[in-house]
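Below you'll find the structure, written out as structure tokens, and then a few comments.
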Amino acid sequence: MQIYLDTANLGEIREAARWGVLSGVTTNPTLMARETGADFQETIRAIAGLVDGPISAETVSEDADGMVSEGLEYAAWHPNVIIKVPATTAGLEAVSRLGEKGIRCNVTLIFNTGQALMSALAGAFVVSPFIGRLDDISQDGMELIREIAAVFEQNPGIATRILAASVRHPRHVIDSALAGAHIATCPFKVLKQCMAHPLTDKGIAAFLADWRSREAAATAHGATAN
């Protein structure tokens, strides 16, 4: 399982990159819009300077010609750029055409196995099932991951990777790994939560208290000896 960060915030990426766990970054128009005043191209290039791995840059065109045009532009910014297109028939055409030029694609907004399979057959580098949004409507996001993984496993010619998206909490990360996802892309908040546990905090506090008690006792013993 690889971990990507789902953000366009350079501060978050810079901090997470220092932890040594990031394999890539995913962005989308909503995440870019949150970074007021940020230039898309400059942001993608800055991310590439922080993380040596795939960086998803999403198109906003709804037709294949527009997606391809945007994809060609974005791919020229840095070799690690992956073109993100929606799970539509236009998106499939864009994946196929960009693939002919050696440009990798991430097919996003996948909500059923058919979309994932068709995207893989078109040549997608990764497919992004949105597990959290399925959970929101009382469907099982993890079951979708498991089904896609089973279909891909039964078809050895498929090299497409499964990227669990719309991750809402740390359990999503672990369940995605168990279900067969190759990658989970997480908001910064979730990435931090993966390393948080009250018993860890309690244990650290206890160890430090014991150490300070020892130091105090040693100091007192030294003063008495003198």
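Chain labels follow the order of the structure tokens: the first chain is A, the next B, and so on; residue numbering restarts at 1 in every chain, and ligands are counted from 1 in their shown order.
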Can you check which residues of segment 30-156 of chain A DSSP gives as alpha helix (DSSP H) on the backbone and send them as a PyMOL selection string?
chain A and resi 30-34+40-50+64-75+89-100+113-122+131-136+141-153
Per residue of segment 104-156 of chain A within 12 Å of segment 18-39 of chain A, record the nearest atom pair and its distance in Å to one decimal, counting only C-alpha atoms, with rows in chain order and ascending residue number, as CSV.
```
residue,atom,partner,partner_atom,distance
A:Cys105,CA,A:Thr26,CA,11.9
A:Asn106,CA,A:Thr26,CA,9.5
A:Val107,CA,A:Thr26,CA,11.8
A:Thr108,CA,A:Asn28,CA,9.8
A:Leu109,CA,A:Asn28,CA,11.1
A:Val126,CA,A:Thr26,CA,11.5
A:Ser128,CA,A:Thr26,CA,10.5
```
Export, as an mmCIF file, in the first residue's frame, the selected residues with N, CA and C atoms.
```cif
data_model
loop_
_atom_site.group_PDB
_atom_site.id
_atom_site.type_symbol
_atom_site.label_atom_id
_atom_site.label_comp_id
_atom_site.auth_asym_id
_atom_site.auth_seq_id
_atom_site.Cartn_x
_atom_site.Cartn_y
_atom_site.Cartn_z
ATOM 1 N N CYS A 105 -2.719 8.391 -16.884
ATOM 2 C CA CYS A 105 -3.972 9.007 -16.445
ATOM 3 C C CYS A 105 -4.523 8.347 -15.183
ATOM 4 N N ASN A 106 -5.214 9.165 -14.418
ATOM 5 C CA ASN A 106 -5.942 8.739 -13.226
ATOM 6 C C ASN A 106 -7.417 8.973 -13.512
ATOM 7 N N VAL A 107 -8.196 7.904 -13.596
ATOM 8 C CA VAL A 107 -9.633 8.054 -13.838
ATOM 9 C C VAL A 107 -10.334 8.168 -12.490
ATOM 10 N N THR A 108 -10.984 9.305 -12.290
ATOM 11 C CA THR A 108 -11.544 9.643 -10.990
ATOM 12 C C THR A 108 -13.070 9.560 -10.982
ATOM 13 N N LEU A 109 -13.650 9.705 -9.807
ATOM 14 C CA LEU A 109 -15.101 9.642 -9.620
ATOM 15 C C LEU A 109 -15.676 8.302 -10.081
ATOM 16 N N VAL A 126 -4.091 4.597 -13.003
ATOM 17 C CA VAL A 126 -4.800 4.304 -11.760
ATOM 18 C C VAL A 126 -6.284 4.582 -11.943
ATOM 19 N N SER A 128 -9.713 5.559 -9.465
ATOM 20 C CA SER A 128 -9.976 6.109 -8.134
ATOM 21 C C SER A 128 -11.425 5.911 -7.702
#
```
Shell of 7 Å around segment 189-191 of chain A, only C-alpha atoms, local chain residues under 6 positions omitted, as a PyMOL selection string:
chain A and resi 168-170
Any idea what's packed within 9 Å of Arg146 of chain A, counting only C-alpha atoms, ignoring anything in its chain fewer than 3 positions away? Could you give it as JSON, numbers by chain?
{"A": [141, 142, 143, 149, 150, 151, 176, 178, 179, 180, 181]}
I need the residues in segment 64-207 of chain A that are strand (DSSP E or B) according to DSSP; give them as a PyMOL selection string.
chain A and resi 81-86+105-110+126-130+161-165+183-186
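Across the structure, atom CA of Gly53 of chain A and atom CA of Val127 of chain A are spaced 16.4 Å apart.
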Contacts of segment 68-81 of chain A at 12 Å (only C-alpha atoms; same-chain gap of 4+ positions) as a ChimeraX atom specification
/A:23-27,40-64,85,90-106,125
With only C-alpha atoms as the atoms that count, which of A:Glu215, A:Ser138, A:Pro129, A:Ile162 lies nearest to Met1 of chain A?
A:Ile162
Atom CA of Asp136 of chain A sits from atom CA of Ser166 of chain A at a separation of 10.4 Å
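Computed from the coordinates, the atom CA of Ile131 of chain A to atom CA of Ile110 of chain A distance equals 9.1 Å.
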